[in-house]
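Q: Contents of entry-v1.tsv (TSV, C-alpha atoms) are given next:
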```tsv
chain	number	residue	atom	x	y	z
A	136	MET	CA	-35.03	0.82	-35.24
A	137	THR	CA	-32.69	3.54	-34.14
A	138	GLU	CA	-30.62	0.93	-32.30
A	139	GLY	CA	-29.46	-0.60	-35.56
A	140	PRO	CA	-26.57	1.70	-36.48
A	141	ILE	CA	-25.77	2.45	-32.85
A	142	ALA	CA	-25.55	-1.23	-32.00
A	143	ARG	CA	-23.38	-1.87	-35.06
A	144	TRP	CA	-21.14	1.01	-34.17
A	145	SER	CA	-20.83	-0.11	-30.56
A	146	ARG	CA	-20.02	-3.67	-31.60
A	147	ALA	CA	-17.33	-2.45	-33.95
A	148	ARG	CA	-15.90	-0.40	-31.14
A	149	GLN	CA	-16.03	-3.34	-28.78
A	150	ARG	CA	-14.07	-5.46	-31.23
A	151	GLN	CA	-11.51	-2.72	-31.66
A	152	ARG	CA	-11.18	-2.34	-27.91
A	153	ALA	CA	-10.79	-6.05	-27.38
A	154	ALA	CA	-7.98	-6.12	-29.94
A	155	GLN	CA	-6.26	-3.18	-28.29
A	156	ASP	CA	-6.66	-4.70	-24.85
A	157	GLU	CA	-5.02	-7.86	-26.06
A	158	GLU	CA	-2.18	-5.85	-27.51
A	159	PHE	CA	-1.79	-3.98	-24.24
A	160	THR	CA	-1.77	-7.21	-22.25
A	161	GLU	CA	1.05	-8.51	-24.42
A	162	PHE	CA	2.89	-5.26	-23.99
A	163	VAL	CA	2.59	-5.51	-20.20
A	164	ALA	CA	3.79	-9.10	-20.23
A	165	ALA	CA	6.85	-8.05	-22.21
A	166	THR	CA	7.60	-4.82	-20.38
A	167	ALA	CA	6.52	-4.96	-16.75
A	168	HIS	CA	9.45	-6.94	-15.45
A	169	GLY	CA	12.12	-4.69	-16.92
A	170	LEU	CA	10.20	-1.59	-16.03
A	171	ARG	CA	9.98	-2.62	-12.39
A	172	ARG	CA	13.69	-3.40	-12.21
A	173	THR	CA	14.59	-0.04	-13.70
A	174	ALA	CA	12.19	1.65	-11.29
A	175	PHE	CA	13.86	-0.18	-8.41
A	176	LEU	CA	17.35	0.94	-9.46
A	177	LEU	CA	16.07	4.50	-9.39
A	178	CYS	CA	14.15	4.42	-6.13
A	179	GLY	CA	15.68	1.56	-4.16
A	180	ASP	CA	12.35	0.26	-2.93
A	181	TRP	CA	10.62	-2.71	-4.52
A	182	HIS	CA	7.16	-1.72	-3.38
A	183	LEU	CA	7.52	1.77	-4.69
A	184	ALA	CA	8.97	0.29	-7.87
A	185	GLN	CA	5.86	-1.84	-8.22
A	186	ASP	CA	3.60	1.16	-7.64
A	187	LEU	CA	5.50	3.25	-10.16
A	188	THR	CA	5.32	0.47	-12.72
A	189	GLN	CA	1.61	0.19	-12.20
A	190	THR	CA	1.17	3.95	-12.43
A	191	ALA	CA	3.17	4.10	-15.64
A	192	LEU	CA	1.22	1.25	-17.22
A	193	THR	CA	-2.08	2.73	-16.10
A	194	ARG	CA	-1.20	6.06	-17.65
A	195	MET	CA	-0.14	4.36	-20.85
A	196	TYR	CA	-3.37	2.42	-21.06
A	197	ALA	CA	-5.39	5.59	-20.52
A	198	SER	CA	-3.92	6.87	-23.79
A	199	TRP	CA	-3.30	3.52	-25.41
A	200	GLY	CA	-5.13	4.40	-28.63
A	201	ARG	CA	-2.47	7.02	-29.29
A	202	VAL	CA	0.47	5.51	-27.43
A	203	ARG	CA	0.36	2.14	-29.19
A	204	ARG	CA	1.39	3.77	-32.43
A	205	SER	CA	4.59	5.10	-30.89
A	206	ASP	CA	7.77	4.07	-32.72
A	207	ASN	CA	9.56	3.01	-29.58
A	208	LEU	CA	7.13	1.77	-26.97
A	209	ASN	CA	9.95	0.65	-24.71
A	210	ALA	CA	11.42	4.15	-24.59
A	211	TYR	CA	7.97	5.63	-24.20
A	212	SER	CA	7.29	3.44	-21.18
A	213	ARG	CA	10.55	4.65	-19.59
A	214	ARG	CA	9.54	8.20	-20.19
A	215	VAL	CA	6.19	7.67	-18.51
A	216	LEU	CA	7.93	5.88	-15.66
A	217	MET	CA	10.34	8.77	-15.19
A	218	ASN	CA	7.44	11.21	-15.07
A	219	ALA	CA	5.75	9.05	-12.45
A	220	LEU	CA	8.97	9.03	-10.46
A	221	PHE	CA	9.45	12.79	-10.74
A	222	ASP	CA	5.82	13.29	-9.68
A	223	GLN	CA	6.35	11.01	-6.73
A	224	ARG	CA	9.46	12.91	-5.62
A	225	LYS	CA	7.64	16.18	-5.95
A	226	ARG	CA	4.74	14.99	-3.82
A	227	ARG	CA	7.08	13.54	-1.25
A	228	SER	CA	9.07	16.74	-0.98
A	229	SER	CA	5.88	18.74	-0.58
A	230	GLY	CA	5.26	16.76	2.57
A	231	GLU	CA	2.45	14.54	1.45
A	232	VAL	CA	2.80	10.89	2.33
A	233	VAL	CA	2.00	8.89	-0.74
A	234	VAL	CA	3.94	5.68	-0.53
A	235	ALA	CA	1.50	2.90	0.12
A	236	GLU	CA	3.51	0.27	1.90
A	237	LEU	CA	2.05	-3.18	1.80
A	238	PRO	CA	2.00	-4.90	5.17
A	239	GLU	CA	4.13	-7.86	4.08
A	240	SER	CA	7.09	-5.57	3.39
A	241	ALA	CA	7.54	-5.27	7.12
A	242	VAL	CA	7.98	-8.99	7.58
A	243	ARG	CA	10.25	-9.60	4.60
A	244	PRO	CA	13.54	-10.78	6.10
A	245	PRO	CA	16.70	-8.86	5.19
A	246	GLN	CA	18.66	-10.52	2.44
A	247	PRO	CA	22.21	-11.70	3.14
A	248	ALA	CA	23.60	-10.04	0.00
A	249	ALA	CA	22.30	-6.71	1.22
A	250	GLU	CA	25.57	-4.89	1.91
A	251	VAL	CA	26.97	-5.40	-1.54
A	252	HIS	CA	24.18	-3.79	-3.47
A	253	VAL	CA	23.53	-1.13	-0.88
A	254	THR	CA	26.91	0.17	-1.94
A	255	LEU	CA	25.91	0.74	-5.54
A	256	MET	CA	22.48	2.00	-4.59
A	257	ARG	CA	23.99	4.42	-2.08
A	258	ALA	CA	26.49	5.65	-4.61
A	259	LEU	CA	23.73	6.12	-7.17
A	260	ALA	CA	21.64	7.97	-4.64
A	261	THR	CA	24.29	10.67	-4.37
A	262	LEU	CA	23.53	11.65	-7.95
A	263	SER	CA	20.61	13.78	-9.03
A	264	LEU	CA	17.59	11.79	-10.13
A	265	ARG	CA	18.20	12.77	-13.71
A	266	ASP	CA	21.82	11.62	-13.58
A	267	GLN	CA	20.74	8.38	-11.94
A	268	ALA	CA	18.29	7.88	-14.76
A	269	ILE	CA	20.99	8.55	-17.33
A	270	VAL	CA	23.27	5.94	-15.75
A	271	VAL	CA	20.56	3.32	-15.36
A	272	LEU	CA	19.12	3.79	-18.81
A	273	ARG	CA	22.53	3.90	-20.50
A	274	TYR	CA	24.44	1.22	-18.60
A	275	TRP	CA	21.74	-1.05	-17.28
A	276	GLU	CA	19.19	-0.90	-20.05
A	277	ASP	CA	21.74	-0.31	-22.81
A	278	GLN	CA	19.66	2.43	-24.34
A	279	SER	CA	21.38	4.59	-26.93
A	280	VAL	CA	22.44	8.13	-26.11
A	281	GLU	CA	19.71	9.42	-28.42
A	282	THR	CA	17.01	7.33	-26.79
A	283	VAL	CA	18.07	8.38	-23.30
A	284	ALA	CA	18.01	11.99	-24.47
A	285	GLU	CA	14.50	11.50	-25.77
A	286	ILE	CA	13.27	9.75	-22.64
A	287	LEU	CA	14.59	12.48	-20.37
A	288	ASP	CA	13.83	15.30	-22.73
A	289	VAL	CA	17.39	16.62	-22.79
A	290	SER	CA	19.94	16.95	-25.59
A	291	ALA	CA	22.26	14.11	-26.58
A	292	SER	CA	25.29	16.13	-25.51
A	293	VAL	CA	23.82	16.53	-22.02
A	294	VAL	CA	23.46	12.76	-21.81
A	295	LYS	CA	27.07	12.27	-22.88
A	296	THR	CA	28.62	14.77	-20.51
A	297	ARG	CA	26.41	13.83	-17.57
A	298	SER	CA	27.00	10.12	-17.98
A	299	ALA	CA	30.77	10.62	-18.15
A	300	ARG	CA	30.69	12.68	-14.97
A	301	ALA	CA	28.37	10.27	-13.24
A	302	LEU	CA	30.67	7.34	-14.06
A	303	THR	CA	33.68	9.19	-12.67
A	304	ARG	CA	31.75	9.88	-9.53
A	305	LEU	CA	30.57	6.30	-9.15
A	306	ARG	CA	34.06	5.00	-9.75
A	307	ALA	CA	35.42	7.26	-7.03
A	308	LEU	CA	32.72	6.20	-4.59
A	309	LEU	CA	32.82	2.51	-5.30
A	310	GLY	CA	36.60	2.17	-5.50
A	311	GLU	CA	37.87	-1.31	-6.11
A	312	GLU	CA	34.39	-2.72	-6.21
A	313	PHE	CA	33.92	-0.97	-9.51
A	314	VAL	CA	37.05	-2.37	-11.13
A	315	GLY	CA	37.20	-5.68	-9.31
A	316	THR	CA	34.64	-8.48	-9.30
B	147	MET	CA	34.08	-0.90	-17.12
B	148	ASP	CA	30.44	-0.92	-18.23
B	149	GLN	CA	30.52	-4.64	-17.72
B	150	ASN	CA	31.50	-4.17	-14.10
B	151	LEU	CA	28.70	-1.74	-13.66
B	152	ARG	CA	26.28	-4.26	-15.12
B	153	VAL	CA	27.44	-6.83	-12.59
B	154	LEU	CA	26.81	-4.37	-9.78
B	155	PHE	CA	23.39	-3.60	-11.16
B	156	GLU	CA	22.58	-7.26	-11.30
B	157	ARG	CA	23.62	-7.68	-7.70
B	158	ALA	CA	21.56	-4.70	-6.66
B	159	LEU	CA	18.60	-6.46	-8.20
B	160	GLY	CA	19.52	-9.68	-6.47
B	161	ASP	CA	16.76	-9.64	-3.87
B	162	GLU	CA	14.03	-8.92	-6.34
B	163	PRO	CA	10.77	-10.11	-4.79
B	164	LEU	CA	8.11	-11.88	-6.77
B	165	PRO	CA	5.60	-9.47	-8.21
B	166	PRO	CA	2.51	-9.18	-6.02
B	167	PRO	CA	-0.42	-11.40	-6.92
B	168	GLY	CA	-2.96	-10.04	-9.33
B	169	ASP	CA	-2.97	-9.36	-13.00
B	170	LEU	CA	-0.96	-6.23	-13.62
B	171	ALA	CA	-2.35	-5.74	-17.10
B	172	GLN	CA	-5.95	-6.06	-15.89
B	173	GLU	CA	-5.34	-3.65	-13.06
B	174	ALA	CA	-3.63	-1.16	-15.32
B	175	MET	CA	-6.51	-1.39	-17.75
B	176	ALA	CA	-9.11	-0.85	-15.04
B	177	GLY	CA	-7.15	2.11	-13.68
B	178	GLY	CA	-6.52	3.45	-17.16
B	179	ARG	CA	-10.21	3.31	-17.99
B	180	ARG	CA	-11.07	5.21	-14.83
B	181	ARG	CA	-8.49	7.79	-15.71
B	182	ARG	CA	-9.77	8.10	-19.24
B	183	ARG	CA	-13.37	8.50	-18.11
B	184	ARG	CA	-12.47	11.04	-15.50
B	185	ARG	CA	-10.68	12.98	-18.18
B	186	HIS	CA	-13.76	12.85	-20.37
B	187	LEU	CA	-16.01	13.69	-17.50
B	188	LEU	CA	-13.95	16.72	-16.63
B	189	ALA	CA	-14.02	17.77	-20.26
B	190	GLY	CA	-17.80	17.35	-20.11
B	191	GLY	CA	-17.70	15.36	-23.29
B	192	VAL	CA	-18.55	11.73	-22.89
B	193	ALA	CA	-21.85	10.65	-24.32
B	194	GLY	CA	-21.66	6.95	-23.69
B	195	VAL	CA	-24.39	4.75	-24.96
B	196	VAL	CA	-27.54	6.76	-24.79
B	197	THR	CA	-30.46	5.16	-23.07
B	198	VAL	CA	-33.97	6.20	-22.90
B	199	LEU	CA	-34.64	7.00	-19.28
B	200	ALA	CA	-33.51	10.54	-18.73
B	201	THR	CA	-35.77	11.60	-21.52
B	202	VAL	CA	-38.74	10.13	-19.75
B	203	VAL	CA	-37.95	12.07	-16.66
B	204	ALA	CA	-37.49	15.09	-18.85
B	205	VAL	CA	-41.14	14.94	-19.82
B	206	ASN	CA	-41.89	15.34	-16.21
B	207	LEU	CA	-39.39	18.12	-15.82
B	208	ALA	CA	-40.98	20.09	-18.59
B	209	THR	CA	-43.71	21.22	-16.29
B	210	ALA	CA	-42.24	21.26	-12.82
B	211	PRO	CA	-39.28	19.99	-10.82
B	212	PRO	CA	-39.86	16.26	-10.70
B	213	SER	CA	-41.27	14.56	-7.70
B	214	ILE	CA	-39.35	11.41	-7.18
B	215	PRO	CA	-42.35	9.03	-7.37
B	216	THR	CA	-43.49	10.56	-10.63
B	217	ALA	CA	-40.05	10.41	-12.08
B	218	MET	CA	-39.79	6.79	-11.11
B	219	SER	CA	-43.11	5.70	-12.49
B	220	LEU	CA	-42.56	7.60	-15.70
B	221	ALA	CA	-39.10	6.24	-16.06
B	222	ILE	CA	-40.02	2.66	-15.42
B	223	GLY	CA	-43.28	2.61	-17.31
B	224	PRO	CA	-42.49	3.77	-20.83
B	225	GLY	CA	-38.86	2.83	-20.38
B	226	CYS	CA	-39.71	-0.83	-20.45
B	227	SER	CA	-41.85	-0.64	-23.52
B	228	GLN	CA	-39.08	1.00	-25.47
B	229	PRO	CA	-36.64	-1.17	-27.36
B	230	VAL	CA	-33.84	-0.37	-25.00
B	231	GLU	CA	-30.67	-2.38	-25.00
B	232	VAL	CA	-30.03	-2.15	-21.31
B	233	VAL	CA	-32.28	-4.22	-19.16
B	234	ASP	CA	-30.93	-3.92	-15.67
B	235	GLU	CA	-29.16	-0.81	-14.52
B	236	ILE	CA	-29.55	1.91	-11.98
B	237	ALA	CA	-30.06	5.39	-13.29
B	238	VAL	CA	-28.80	8.01	-10.88
B	239	PHE	CA	-30.32	11.32	-11.88
B	240	LEU	CA	-28.45	14.35	-10.67
B	241	ARG	CA	-29.87	17.53	-9.26
B	242	HIS	CA	-29.60	20.55	-11.49
B	243	ASP	CA	-27.54	22.32	-8.88
B	244	VAL	CA	-25.11	19.43	-8.44
B	245	THR	CA	-21.63	20.79	-7.84
B	246	ASP	CA	-18.52	19.65	-9.70
B	247	ARG	CA	-17.22	18.31	-6.44
B	248	GLN	CA	-20.32	16.22	-5.78
B	249	LEU	CA	-20.20	14.96	-9.33
B	250	ALA	CA	-16.56	13.98	-9.07
B	251	ASP	CA	-17.13	12.30	-5.69
B	252	LEU	CA	-20.01	10.27	-7.02
B	253	ASP	CA	-18.07	9.32	-10.09
B	254	GLU	CA	-15.09	8.25	-8.03
B	255	SER	CA	-17.07	6.24	-5.51
B	256	LEU	CA	-19.13	4.50	-8.18
B	257	ARG	CA	-16.07	3.56	-10.16
B	258	SER	CA	-14.21	2.27	-7.16
B	259	ASP	CA	-17.19	0.32	-5.81
B	260	PRO	CA	-16.56	-3.41	-6.16
B	261	ARG	CA	-20.27	-4.08	-6.61
B	262	VAL	CA	-20.32	-1.98	-9.74
B	263	ARG	CA	-19.52	-3.58	-13.04
B	264	GLN	CA	-19.89	-0.58	-15.28
B	265	VAL	CA	-20.59	3.11	-14.95
B	266	ARG	CA	-21.51	5.47	-17.70
B	267	PHE	CA	-22.17	9.14	-17.47
B	268	GLN	CA	-24.97	10.54	-19.55
B	269	THR	CA	-24.61	14.18	-20.36
B	270	ARG	CA	-27.47	16.59	-20.63
B	271	GLU	CA	-26.72	17.02	-24.31
B	272	ALA	CA	-26.75	13.32	-25.05
B	273	ALA	CA	-29.97	12.86	-23.11
B	274	TYR	CA	-31.58	15.77	-24.92
B	275	GLU	CA	-30.61	14.42	-28.32
B	276	LYS	CA	-32.10	11.09	-27.42
B	277	PHE	CA	-35.21	12.75	-26.13
B	278	LYS	CA	-35.70	14.69	-29.37
B	279	GLU	CA	-35.24	11.57	-31.37
B	280	MET	CA	-37.73	9.61	-29.30
B	281	TYR	CA	-40.42	12.21	-29.39
B	282	ARG	CA	-39.89	13.45	-32.89
B	283	ASP	CA	-43.58	13.00	-33.63
B	284	ALA	CA	-44.48	15.23	-30.71
B	285	PRO	CA	-43.03	18.61	-31.70
B	286	ASP	CA	-45.05	20.40	-29.03
B	287	LEU	CA	-43.40	18.37	-26.35
B	288	ILE	CA	-39.95	18.97	-27.78
B	289	ALA	CA	-40.64	22.66	-27.99
B	290	ALA	CA	-41.71	22.70	-24.36
B	291	VAL	CA	-38.55	21.07	-23.02
B	292	LYS	CA	-35.31	23.01	-22.87
B	293	PRO	CA	-32.02	21.11	-22.85
B	294	ARG	CA	-31.15	22.52	-19.46
B	295	GLN	CA	-34.24	20.89	-17.99
B	296	ILE	CA	-32.91	17.45	-18.75
B	297	PRO	CA	-31.00	15.89	-15.88
B	298	GLU	CA	-27.55	14.41	-16.17
B	299	SER	CA	-27.24	10.89	-14.91
B	300	PHE	CA	-24.91	8.07	-14.09
B	301	ARG	CA	-25.86	4.69	-15.54
B	302	VAL	CA	-24.70	1.98	-13.22
B	303	THR	CA	-24.60	-1.71	-14.02
B	304	LEU	CA	-24.10	-3.97	-11.04
B	305	ALA	CA	-22.12	-7.14	-10.93
B	306	GLN	CA	-24.99	-8.82	-9.09
B	307	PRO	CA	-28.48	-7.42	-9.61
B	308	GLU	CA	-29.65	-8.56	-6.18
B	309	GLN	CA	-27.39	-5.93	-4.67
B	310	SER	CA	-29.45	-3.25	-6.28
B	311	PRO	CA	-31.88	-2.26	-3.48
B	312	PRO	CA	-29.23	-1.39	-0.83
B	313	MET	CA	-27.15	0.32	-3.49
B	314	GLU	CA	-30.13	2.43	-4.58
B	315	GLU	CA	-30.77	3.44	-0.99
B	316	GLU	CA	-27.17	4.52	-0.54
B	317	LEU	CA	-27.18	6.49	-3.74
B	318	ARG	CA	-30.41	8.28	-2.86
B	319	ARG	CA	-28.76	9.70	0.23
B	320	ARG	CA	-25.78	11.09	-1.64
B	321	PRO	CA	-25.62	14.85	-2.05
B	322	GLY	CA	-26.38	16.03	-5.54
B	323	VAL	CA	-28.65	13.10	-6.35
B	324	GLU	CA	-32.20	13.88	-7.42
B	325	ALA	CA	-33.60	10.42	-7.96
B	326	VAL	CA	-32.48	6.85	-8.31
B	327	VAL	CA	-34.37	4.59	-10.63
B	328	ARG	CA	-33.81	0.97	-11.31
B	329	THR	CA	-34.60	-0.04	-14.82
B	330	ALA	CA	-35.13	-3.70	-14.22
B	331	CYS	CA	-37.43	-4.75	-16.94
B	332	GLU	CA	-37.45	-7.42	-19.57
B	333	GLY	CA	-35.67	-6.33	-22.68
B	334	ARG	CA	-37.64	-7.00	-25.82
B	335	PRO	CA	-36.32	-10.15	-27.44
B	336	GLY	CA	-33.60	-9.15	-29.81
B	337	ALA	CA	-33.71	-5.53	-28.72
B	338	GLY	CA	-30.47	-3.83	-29.55
B	339	GLU	CA	-29.29	-6.63	-31.76
B	340	GLY	CA	-28.74	-5.41	-35.24
B	341	GLU	CA	-28.24	-8.84	-36.73
```
For this file, write the structure as structure tokens.
A:
Amino acid sequence: MTEGPIARWSRARQRQRAAQDEEFTEFVAATAHGLRRTAFLLCGDWHLAQDLTQTALTRMYASWGRVRRSDNLNAYSRRVLMNALFDQRKRRSSGEVVVAELPESAVRPPQPAAEVHVTLMRALATLSLRDQAIVVLRYWEDQSVETVAEILDVSASVVKTRSARALTRLRALLGEEFVGT
Amino acid sequence: MDQNLRVLFERALGDEPLPPPGDLAQEAMAGGRRRRRRRHLLAGGVAGVVTVLATVVAVNLATAPPSIPTAMSLAIGPGCSQPVEVVDEIAVFLRHDVTDRQLADLDESLRSDPRVRQVRFQTREAAYEKFKEMYRDAPDLIAAVKPRQIPESFRVTLAQPEQSPPMEEELRRRPGVEAVVRTACEGRPGAGEGE
């Protein structure tokens, strides 16, 4: 009856969705770890980093049919992550409390190596979020100047000048730590 | 110099905790689907898989605002004899004066309810199209029913059917809901299977 073509159509769609879901699952397996680390370097909080990663992946899945055809999915995921981070900052500065802290974070014991990395994280935190992103994407993720420009929606020359300035700043703040070790 | 910076980055990441339990991909997909549907819902577009029930209620609506018992009996009666694909779902018919807020609240709470396996939204337009198709040999009836008389509805599939009665009760009390009808009936063997 009338269900014939509709059922066929819906089965075809189901197959297509299943294939795309599989593709997305593989993408998450390959990306999530790096995405969370980058998020952490930019926010300094592992739980927030996890939330941001989840938000970014959720947003990507919501448009996966379009997003999956992107030339550079890795860069795209960073772009979505940055938007999530900018949104989060905006909400935080408008006074709304949005950071969902999981209870176990309170009981996690402080790590012995803490002081060392606090130094870099503190130094990074003195930069604007965009400059932090430039440094992390360029020097941690090894993204090209062009890709960083694309992720942050700025020109390549902005990336070059800002990263040079940011490095000078970091070097000044970190002193021998930067050159030594 | 960059190498030194890399070392510092690696140290900063030194106390990386294990990711929380749970399947990140699955969670992202569930969240992404909600987001996608909400987007469609806001755009007023999603048709979903059209089922037969709203049209049955529409027959009732053609004459007067539906009384809930009538709507239910009409919906369950002919609904079961139709070759419908869906055999066990709750149809949540919305009042004609349902507000956007009530609609969004219902949508949100249904989608976040752990007892719910699937939610579809059936638009007025989709229901009307289905209605016209079903009653194409009754032109008088079609002429008598205006699209705006057809109710919108959520189609809810539960993870466990035995949870249906309390769920129906809850839904009936929600603002903006006209009637809640469970369509638990035996699907015709092979109904909805094209092959």
Q: Residues near Ile288 of chain B, anyone? I mean within 10 Å using all atoms listed in the file, not counting same-chain ones fewer than 3 positions away, as an mmCIF file with C-alpha atoms, in the frame of the given file.
A:
```cif
data_model
loop_
_atom_site.group_PDB
_atom_site.id
_atom_site.type_symbol
_atom_site.label_atom_id
_atom_site.label_comp_id
_atom_site.auth_asym_id
_atom_site.auth_seq_id
_atom_site.Cartn_x
_atom_site.Cartn_y
_atom_site.Cartn_z
ATOM 1 C CA VAL B 205 -41.140 14.940 -19.820
ATOM 2 C CA ALA B 208 -40.980 20.090 -18.590
ATOM 3 C CA TYR B 274 -31.580 15.770 -24.920
ATOM 4 C CA PHE B 277 -35.210 12.750 -26.130
ATOM 5 C CA LYS B 278 -35.700 14.690 -29.370
ATOM 6 C CA GLU B 279 -35.240 11.570 -31.370
ATOM 7 C CA MET B 280 -37.730 9.610 -29.300
ATOM 8 C CA TYR B 281 -40.420 12.210 -29.390
ATOM 9 C CA ARG B 282 -39.890 13.450 -32.890
ATOM 10 C CA ASP B 283 -43.580 13.000 -33.630
ATOM 11 C CA ALA B 284 -44.480 15.230 -30.710
ATOM 12 C CA PRO B 285 -43.030 18.610 -31.700
ATOM 13 C CA VAL B 291 -38.550 21.070 -23.020
ATOM 14 C CA LYS B 292 -35.310 23.010 -22.870
ATOM 15 C CA PRO B 293 -32.020 21.110 -22.850
#
```
Q: Using 8 Å of padding on each side, determine the axis-aligned box around all atoms of segment 187-198 of chain A present in the file and give its centre and edge lengths in Å to one decimal, as lines of an AutoDock Vina configuration file.
A:
```
center_x = 0.1
center_y = 3.5
center_z = -17.0
size_x = 26.9
size_y = 22.7
size_z = 29.6
```
Q: Choose the residue, out of A:Leu216, A:Ala164, A:Ala153, A:Leu264, that has the smallest atom-to-atom separation from chain B; count all atoms listed in the file.
A: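 Looking only at the distances to chain B, the closest residue turns out to be A:Ala164.
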Q: So how far away is atom CA of Val265 of chain B from atom CA of Arg301 of chain B, in Å?
A: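 These atoms are spaced 5.5 Å apart.
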Q: One decimal, in Å: what's the spacing between atom CA of Met256 of chain A and atom CA of Leu154 of chain B?
A: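 Distance between the two atoms: 9.3 Å.
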Q: Would you mind reading off the distance between atom CA of Arg184 of chain B and atom CA of Asp253 of chain B, one decimal, in Å?
A: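 Going from atom CA of Arg184 of chain B over to atom CA of Asp253 of chain B, I get 8.0 Å.
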Q: For Ile269 of chain A, find every residue with an atom within 12 Å (counting all atoms listed in the file), except residues of its own chain fewer than 3 positions away, and show them as a PyMOL selection string.
A: chain A and resi 173+176-177+213-214+217+259+262-266+272-302
Q: Those same residues - C-alpha atoms - I'd like them written as a short mmCIF file (atom, residue, chain, number, x, y, z; two decimals), in the coordinates of the input.
A:
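The result, written out as again-v1.cif:
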```
data_model
loop_
_atom_site.label_atom_id
_atom_site.label_comp_id
_atom_site.auth_asym_id
_atom_site.auth_seq_id
_atom_site.Cartn_x
_atom_site.Cartn_y
_atom_site.Cartn_z
CA THR A 173 14.59 -0.04 -13.70
CA LEU A 176 17.35 0.94 -9.46
CA LEU A 177 16.07 4.50 -9.39
CA ARG A 213 10.55 4.65 -19.59
CA ARG A 214 9.54 8.20 -20.19
CA MET A 217 10.34 8.77 -15.19
CA LEU A 259 23.73 6.12 -7.17
CA LEU A 262 23.53 11.65 -7.95
CA SER A 263 20.61 13.78 -9.03
CA LEU A 264 17.59 11.79 -10.13
CA ARG A 265 18.20 12.77 -13.71
CA ASP A 266 21.82 11.62 -13.58
CA LEU A 272 19.12 3.79 -18.81
CA ARG A 273 22.53 3.90 -20.50
CA TYR A 274 24.44 1.22 -18.60
CA TRP A 275 21.74 -1.05 -17.28
CA GLU A 276 19.19 -0.90 -20.05
CA ASP A 277 21.74 -0.31 -22.81
CA GLN A 278 19.66 2.43 -24.34
CA SER A 279 21.38 4.59 -26.93
CA VAL A 280 22.44 8.13 -26.11
CA GLU A 281 19.71 9.42 -28.42
CA THR A 282 17.01 7.33 -26.79
CA VAL A 283 18.07 8.38 -23.30
CA ALA A 284 18.01 11.99 -24.47
CA GLU A 285 14.50 11.50 -25.77
CA ILE A 286 13.27 9.75 -22.64
CA LEU A 287 14.59 12.48 -20.37
CA ASP A 288 13.83 15.30 -22.73
CA VAL A 289 17.39 16.62 -22.79
CA SER A 290 19.94 16.95 -25.59
CA ALA A 291 22.26 14.11 -26.58
CA SER A 292 25.29 16.13 -25.51
CA VAL A 293 23.82 16.53 -22.02
CA VAL A 294 23.46 12.76 -21.81
CA LYS A 295 27.07 12.27 -22.88
CA THR A 296 28.62 14.77 -20.51
CA ARG A 297 26.41 13.83 -17.57
CA SER A 298 27.00 10.12 -17.98
CA ALA A 299 30.77 10.62 -18.15
CA ARG A 300 30.69 12.68 -14.97
CA ALA A 301 28.37 10.27 -13.24
CA LEU A 302 30.67 7.34 -14.06
#
```
Q: Show me, as a PyMOL selection string, the residues that have an atom within 10 Å of segment 165-170 of chain B when counting only C-alpha atoms, minus same-chain residues fewer than 5 positions from it.
A: (chain A and resi 160+163-164+167-168+171+181-182+185+188-189+192-193+237) or (chain B and resi 175-176)
Q: Would you export the selected residues with C-alpha atoms as a JSON list (two decimals), in the coordinates of the input, please?
A:
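Done, and the output landed in part-v7.json:
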```json
[["chain", "number", "residue", "atom", "x", "y", "z"],
["A", 160, "THR", "CA", -1.77, -7.21, -22.25],
["A", 163, "VAL", "CA", 2.59, -5.51, -20.20],
["A", 164, "ALA", "CA", 3.79, -9.10, -20.23],
["A", 167, "ALA", "CA", 6.52, -4.96, -16.75],
["A", 168, "HIS", "CA", 9.45, -6.94, -15.45],
["A", 171, "ARG", "CA", 9.98, -2.62, -12.39],
["A", 181, "TRP", "CA", 10.62, -2.71, -4.52],
["A", 182, "HIS", "CA", 7.16, -1.72, -3.38],
["A", 185, "GLN", "CA", 5.86, -1.84, -8.22],
["A", 188, "THR", "CA", 5.32, 0.47, -12.72],
["A", 189, "GLN", "CA", 1.61, 0.19, -12.20],
["A", 192, "LEU", "CA", 1.22, 1.25, -17.22],
["A", 193, "THR", "CA", -2.08, 2.73, -16.10],
["A", 237, "LEU", "CA", 2.05, -3.18, 1.80],
["B", 175, "MET", "CA", -6.51, -1.39, -17.75],
["B", 176, "ALA", "CA", -9.11, -0.85, -15.04]]
```
Q: Which residues of chain B have any atom within 6 Å of an atom in chain A when counting all atoms listed in the file, and what is the closest pair of atoms for each, with the distance in Å to one decimal? Order the rows by chain and rising number and write it as JSON lines.
A:
```
{"residue": "B:Arg152", "atom": "CA", "partner": "A:Trp275", "partner_atom": "CA", "distance": 6.0}
{"residue": "B:Arg157", "atom": "CA", "partner": "A:His252", "partner_atom": "CA", "distance": 5.8}
{"residue": "B:Ala158", "atom": "CA", "partner": "A:His252", "partner_atom": "CA", "distance": 4.2}
{"residue": "B:Ala171", "atom": "CA", "partner": "A:Thr160", "partner_atom": "CA", "distance": 5.4}
{"residue": "B:Ala174", "atom": "CA", "partner": "A:Thr193", "partner_atom": "CA", "distance": 4.3}
{"residue": "B:Met175", "atom": "CA", "partner": "A:Tyr196", "partner_atom": "CA", "distance": 5.9}
{"residue": "B:Gly177", "atom": "CA", "partner": "A:Thr193", "partner_atom": "CA", "distance": 5.7}
{"residue": "B:Gly178", "atom": "CA", "partner": "A:Ala197", "partner_atom": "CA", "distance": 4.1}
{"residue": "B:Arg179", "atom": "CA", "partner": "A:Ala197", "partner_atom": "CA", "distance": 5.9}
{"residue": "B:Arg182", "atom": "CA", "partner": "A:Ala197", "partner_atom": "CA", "distance": 5.2}
{"residue": "B:Gly338", "atom": "CA", "partner": "A:Glu138", "partner_atom": "CA", "distance": 5.5}
{"residue": "B:Gly340", "atom": "CA", "partner": "A:Gly139", "partner_atom": "CA", "distance": 4.9}
```
